[in-house]
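Next comes protein.tsv, a file with TSV, C-alpha atoms.
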chain	number	residue	atom	x	y	z
R	1	MET	CA	-140.83	37.73	-71.58
R	2	ASP	CA	-140.94	37.30	-75.36
R	3	LEU	CA	-137.76	36.73	-77.34
R	4	ARG	CA	-137.68	40.27	-78.75
R	5	LYS	CA	-137.72	41.76	-75.29
R	6	GLN	CA	-135.12	39.27	-74.06
R	7	VAL	CA	-132.72	40.16	-76.88
R	8	GLU	CA	-133.22	43.89	-76.52
R	9	SER	CA	-132.84	43.66	-72.75
R	10	LEU	CA	-129.61	41.64	-73.16
R	11	PHE	CA	-127.97	44.45	-75.15
R	12	ARG	CA	-129.27	47.29	-72.98
R	13	PRO	CA	-126.02	47.62	-70.95
R	14	VAL	CA	-124.04	47.94	-74.21
R	15	ILE	CA	-126.15	50.78	-75.60
R	16	GLY	CA	-124.10	53.97	-75.74
R	17	GLN	CA	-120.76	52.12	-75.61
R	18	LYS	CA	-118.28	52.72	-78.41
R	19	ALA	CA	-117.35	49.76	-80.59
R	20	TRP	CA	-113.71	48.91	-81.19
R	21	GLY	CA	-111.80	46.09	-82.89
R	22	ALA	CA	-114.60	45.42	-85.39
R	23	SER	CA	-113.13	42.88	-87.75
R	24	ILE	CA	-113.86	40.10	-90.22
R	25	GLY	CA	-112.58	36.74	-89.05
R	26	TRP	CA	-112.87	33.30	-90.60
R	27	GLY	CA	-115.31	33.26	-93.54
R	28	SER	CA	-117.70	36.11	-92.89
R	29	PHE	CA	-117.57	36.02	-89.09
R	30	VAL	CA	-117.76	39.54	-87.63
R	31	THR	CA	-116.35	40.30	-84.21
R	32	ILE	CA	-116.97	43.58	-82.37
R	33	GLU	CA	-115.59	44.61	-78.99
R	34	PHE	CA	-117.12	46.90	-76.37
R	35	GLY	CA	-115.89	48.10	-73.00
R	36	SER	CA	-112.47	47.72	-71.45
R	37	LYS	CA	-109.74	45.69	-73.09
R	38	HIS	CA	-108.81	42.26	-71.67
R	39	LEU	CA	-106.14	39.80	-72.68
R	40	PHE	CA	-107.33	36.23	-73.35
R	41	ASN	CA	-104.64	33.76	-74.41
R	42	HIS	CA	-102.57	36.39	-76.25
R	43	HIS	CA	-105.61	38.02	-77.90
R	44	TYR	CA	-107.35	41.19	-76.78
R	45	HIS	CA	-111.11	41.30	-76.42
R	46	GLY	CA	-113.55	43.74	-74.89
R	47	GLU	CA	-115.46	42.96	-71.74
R	48	TRP	CA	-118.37	42.65	-74.16
R	49	HIS	CA	-117.60	40.70	-77.33
R	50	LEU	CA	-120.15	40.22	-80.11
R	51	TRP	CA	-119.48	37.46	-82.62
R	52	LEU	CA	-121.74	37.21	-85.68
R	53	TYR	CA	-121.36	33.49	-86.26
R	54	GLN	CA	-123.54	31.32	-88.52
R	55	CYS	CA	-125.65	34.05	-90.11
R	56	ASP	CA	-126.24	36.17	-93.18
R	57	TRP	CA	-125.55	39.84	-92.50
R	58	GLN	CA	-125.72	43.18	-94.26
R	59	LEU	CA	-124.07	46.44	-93.25
R	60	TYR	CA	-125.83	49.61	-94.40
R	61	SER	CA	-124.96	53.28	-94.23
R	62	GLY	CA	-128.42	54.82	-94.31
R	63	GLN	CA	-130.13	52.99	-97.17
R	64	ARG	CA	-126.88	52.14	-98.96
R	65	LEU	CA	-125.46	48.63	-98.65
R	66	LEU	CA	-121.74	48.76	-97.82
R	67	ALA	CA	-121.15	45.01	-97.66
R	68	ASN	CA	-122.87	41.75	-96.91
R	69	SER	CA	-121.71	38.36	-95.68
R	70	GLU	CA	-120.98	37.13	-99.21
R	71	SER	CA	-118.93	40.19	-100.22
R	72	LYS	CA	-115.22	39.85	-100.92
R	73	LYS	CA	-113.05	39.73	-97.80
R	74	ARG	CA	-111.49	43.17	-98.32
R	75	ILE	CA	-114.90	44.77	-98.94
R	76	MET	CA	-116.28	43.19	-95.74
R	77	GLN	CA	-113.22	44.32	-93.76
R	78	VAL	CA	-113.18	47.98	-94.87
R	79	ALA	CA	-116.95	48.20	-94.38
R	80	ALA	CA	-116.75	46.70	-90.87
R	81	GLU	CA	-114.01	49.15	-89.88
R	82	ASN	CA	-116.59	51.96	-90.15
R	83	ILE	CA	-118.16	50.55	-86.99
R	84	ASN	CA	-115.04	51.30	-84.93
R	85	GLY	CA	-115.43	54.39	-82.77
R	86	THR	CA	-119.19	54.57	-83.17
R	87	ALA	CA	-121.53	53.94	-80.28
R	88	LEU	CA	-124.11	51.17	-80.33
R	89	GLU	CA	-127.27	53.25	-80.38
R	90	ARG	CA	-129.86	50.51	-80.62
R	91	ALA	CA	-130.19	46.74	-80.72
R	92	SER	CA	-133.54	45.49	-81.97
R	93	PHE	CA	-134.95	42.11	-82.87
R	94	ASP	CA	-137.67	40.99	-85.27
R	95	GLU	CA	-138.90	37.66	-83.95
R	96	ARG	CA	-140.81	36.76	-87.12
R	97	LYS	CA	-137.68	37.03	-89.28
R	98	MET	CA	-135.33	36.16	-86.40
R	99	ALA	CA	-133.44	39.27	-87.57
R	100	SER	CA	-131.19	41.23	-85.22
R	101	GLU	CA	-130.38	44.82	-86.07
R	102	PHE	CA	-127.55	46.77	-84.46
R	103	ARG	CA	-127.46	50.50	-85.12
R	104	PHE	CA	-124.13	52.27	-84.71
R	105	GLY	CA	-123.92	56.04	-84.68
R	106	GLU	CA	-126.45	57.86	-86.80
R	107	GLU	CA	-126.03	55.95	-90.06
R	108	LEU	CA	-124.71	52.42	-89.71
R	109	ARG	CA	-127.03	49.42	-89.45
R	110	LEU	CA	-125.73	45.87	-89.12
R	111	VAL	CA	-128.53	43.35	-89.74
R	112	CYS	CA	-128.14	39.60	-89.30
R	113	GLN	CA	-130.45	36.66	-89.86
R	114	PRO	CA	-129.92	32.92	-89.37
R	115	TYR	CA	-129.29	30.91	-92.53
R	116	ALA	CA	-132.50	29.72	-94.19
R	117	ASP	CA	-131.41	26.12	-93.56
R	118	ALA	CA	-130.21	26.70	-89.99
R	119	THR	CA	-130.89	23.93	-87.52
R	120	PRO	CA	-132.73	24.94	-84.32
R	121	ASP	CA	-129.46	24.98	-82.35
R	122	GLU	CA	-127.24	26.76	-84.88
R	123	GLU	CA	-125.99	30.01	-83.37
R	124	SER	CA	-126.58	33.23	-85.34
R	125	TRP	CA	-124.55	35.32	-82.95
R	126	ILE	CA	-122.74	34.89	-79.65
R	127	LEU	CA	-122.37	37.60	-77.02
R	128	PHE	CA	-119.67	37.32	-74.35
R	129	LEU	CA	-120.65	39.24	-71.20
R	130	PRO	CA	-118.45	40.79	-68.50
R	131	ASP	CA	-119.90	38.45	-65.85
R	132	GLN	CA	-118.28	35.44	-67.57
R	133	GLN	CA	-121.54	34.34	-69.16
R	134	VAL	CA	-121.99	33.73	-72.87
R	135	VAL	CA	-125.37	34.11	-74.56
R	136	SER	CA	-126.13	32.92	-78.08
R	137	LEU	CA	-129.13	33.39	-80.33
R	138	ARG	CA	-130.49	30.28	-82.00
R	139	LYS	CA	-133.71	29.56	-83.85
R	140	SER	CA	-134.77	27.80	-80.67
R	141	GLY	CA	-134.20	30.99	-78.62
R	142	LEU	CA	-131.51	32.46	-76.39
R	143	HIS	CA	-129.05	30.05	-74.83
R	144	SER	CA	-126.80	30.96	-71.92
R	145	GLU	CA	-123.67	29.17	-70.67
R	146	PRO	CA	-120.80	30.03	-68.34
R	147	GLN	CA	-117.52	31.12	-69.95
R	148	SER	CA	-114.70	28.67	-69.29
R	149	SER	CA	-111.78	31.06	-69.71
R	150	LYS	CA	-111.11	34.16	-67.67
R	151	PRO	CA	-109.05	37.11	-68.89
R	152	ASP	CA	-105.32	37.03	-68.19
R	153	LYS	CA	-105.33	40.74	-67.39
R	154	SER	CA	-107.21	43.87	-68.23
R	155	LEU	CA	-105.98	47.15	-69.64
R	156	ALA	CA	-107.29	50.65	-69.16
R	157	ARG	CA	-110.60	51.42	-70.82
R	158	ARG	CA	-110.12	52.60	-74.40
B	1	MET	CA	-116.11	28.20	-101.51
B	2	SER	CA	-118.70	30.77	-100.35
B	3	ASN	CA	-118.29	32.65	-97.10
B	4	ARG	CA	-121.21	30.69	-95.66
B	5	GLU	CA	-119.48	27.43	-96.58
B	6	GLN	CA	-116.30	28.68	-94.87
B	7	ASN	CA	-118.31	29.55	-91.74
B	8	ARG	CA	-119.76	26.07	-91.69
B	9	GLN	CA	-116.29	24.62	-92.33
B	10	PHE	CA	-115.17	26.19	-89.06
B	11	GLU	CA	-118.15	24.60	-87.29
B	12	GLU	CA	-117.28	21.27	-88.92
B	13	ALA	CA	-113.73	21.59	-87.54
B	14	VAL	CA	-115.21	22.22	-84.09
B	15	ARG	CA	-117.39	19.10	-84.40
B	16	GLN	CA	-114.42	16.95	-85.43
B	17	ILE	CA	-112.31	18.27	-82.54
B	18	GLU	CA	-115.19	17.53	-80.14
B	19	ARG	CA	-115.44	14.00	-81.51
B	20	VAL	CA	-111.78	13.32	-80.70
B	21	LEU	CA	-111.91	15.03	-77.30
B	22	ARG	CA	-115.28	13.37	-76.54
B	23	ARG	CA	-116.66	16.61	-75.14
B	24	LYS	CA	-118.18	19.87	-76.34
B	25	LEU	CA	-116.07	22.96	-76.90
B	26	ASP	CA	-117.74	25.89	-75.20
B	27	ALA	CA	-118.05	29.34	-76.76
B	28	ALA	CA	-114.87	30.64	-75.12
B	29	GLU	CA	-112.87	27.70	-76.49
B	30	ARG	CA	-114.35	28.24	-79.95
B	31	ARG	CA	-113.39	31.93	-79.71
B	32	ARG	CA	-109.86	30.93	-78.72
B	33	LEU	CA	-109.64	28.56	-81.71
B	34	HIS	CA	-111.02	31.28	-83.97
B	35	ASP	CA	-108.44	33.78	-82.65
B	36	GLU	CA	-105.69	31.35	-83.64
B	37	VAL	CA	-106.86	30.48	-87.14
B	38	THR	CA	-108.49	33.67	-88.39
B	39	ARG	CA	-106.95	35.33	-91.46
B	40	GLN	CA	-104.41	32.50	-91.78
B	41	GLY	CA	-105.98	30.60	-94.69
B	42	TYR	CA	-105.77	27.20	-93.02
B	43	THR	CA	-107.44	24.09	-94.41
B	44	LEU	CA	-110.12	22.22	-92.47
B	45	GLN	CA	-107.59	19.59	-91.38
B	46	GLU	CA	-105.13	22.28	-90.23
B	47	ILE	CA	-107.83	23.91	-88.08
B	48	ILE	CA	-108.62	20.53	-86.56
B	49	ASP	CA	-104.91	19.88	-85.87
B	50	ILE	CA	-104.51	23.31	-84.24
B	51	GLY	CA	-107.61	22.75	-82.10
B	52	LEU	CA	-106.42	19.33	-80.96
B	53	ALA	CA	-103.01	20.75	-80.06
B	54	MET	CA	-104.67	23.65	-78.23
B	55	PHE	CA	-107.00	21.55	-76.10
B	56	PRO	CA	-105.09	18.61	-74.60
B	57	LYS	CA	-108.23	17.20	-72.98
Go through the file and emit its structure as structure tokens.
Amino acid sequence: MDLRKQVESLFRPVIGQKAWGASIGWGSFVTIEFGSKHLFNHHYHGEWHLWLYQCDWQLYSGQRLLANSESKKRIMQVAAENINGTALERASFDERKMASEFRFGEELRLVCQPYADATPDEESWILFLPDQQVVSLRKSGLHSEPQSSKPDKSLARR
Amino acid sequence: MSNREQNRQFEEAVRQIERVLRRKLDAAERRRLHDEVTRQGYTLQEIIDIGLAMFPK
């Protein structure tokens, strides 16, 4: 299976799920939660957790750029909050550009690409799965590893 | 410092923690470290110190 199909297949179970907890973390890291809420070491995460890690990203509403990964922190944060409550409608991947595109609702598109100087093993994004696996996208392809920590407890689905 | 440089600073902190622990931090451990330091404005050395306190081995 080619990388595009692998990436799109990976996100298939998340399609239609509403995003929550979309937030800007350290630097321009973006974290987005899907599915039921679980407690991990005093922090809540969804059973699916997407972490845009070492990548450039842009968030569009239609054709209009709301923020990108070099915007000011507050701009990135208020733009990312638009993702909350919208369903992931599509996850697509352009293998030539190594660009991942996540479409939320009817208007929002979150596009991320690895840095131009990324090493083959630098992770553009990391997806935590409910089956305790973690999959990351690198220039060298998808990489899967088991998750070391298990949730402390789960809460009702949001 | 650009946002990209900050992102790579976090990765540099991870590498320095791994060097002391003599093992790799997996993605869940990196997420746990990120949960602790995000939006706190720590320096590189403070992130490393938090990580080393968080992971005793």
field: chain B contacts to chain R at 9 Å (all atoms listed in the file) as a ChimeraX atom specification
entry: /B:2-11,26-29,31-32,34-41
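The closest residue to Gln77 of chain R, picked from R:Leu39, R:Leu110, R:Val30, R:Leu52 and counting all atoms listed in the file, is R:Val30.
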- prompt: Could you work out how far atom CA of Ser144 of chain R lies from atom CA of Met1 of chain R, giving the answer in Å with one decimal?
  reply: 15.6 Å
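Coordinates place atom CA of Ser36 of chain R at a distance of 25.8 Å from atom CA of Phe93 of chain R.
Proximity to Glu106 of chain R was assessed for R:Glu123, R:Leu137, R:Gly16, R:Glu81 counting only C-alpha atoms; the smallest distance is recorded for R:Gly16.
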- request: Pick out the residues sitting within 10 Å of Glu47 of chain R, and hand them over as a ChimeraX atom specification; count all atoms listed in the file, and ignore anything fewer than 5 positions along from it in its own chain.
  value: /R:33-39,128-132,151,154,157
message: Tell me which residues come within 8 Å of (-121.4, 46.6, -93.0), as a ChimeraX atom specification, counting all atoms listed in the file in the file's coordinates.
response: /R:57-61,65-68,76,79-80,82-83,108-110
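In this structure, atom CA of Leu21 of chain B sits 26.3 Å away from atom CA of His49 of chain R.
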Would you compute an axis-aligned box for segment 37-53 of chain B, covering every atom listed for it in the file with 6 Å of margin on each side, and report centre and edge lengths in Å to one decimal as AutoDock Vina command-line options?
--center_x -106.6 --center_y 27.3 --center_z -87.4 --size_x 19.1 --size_y 28.0 --size_z 26.6
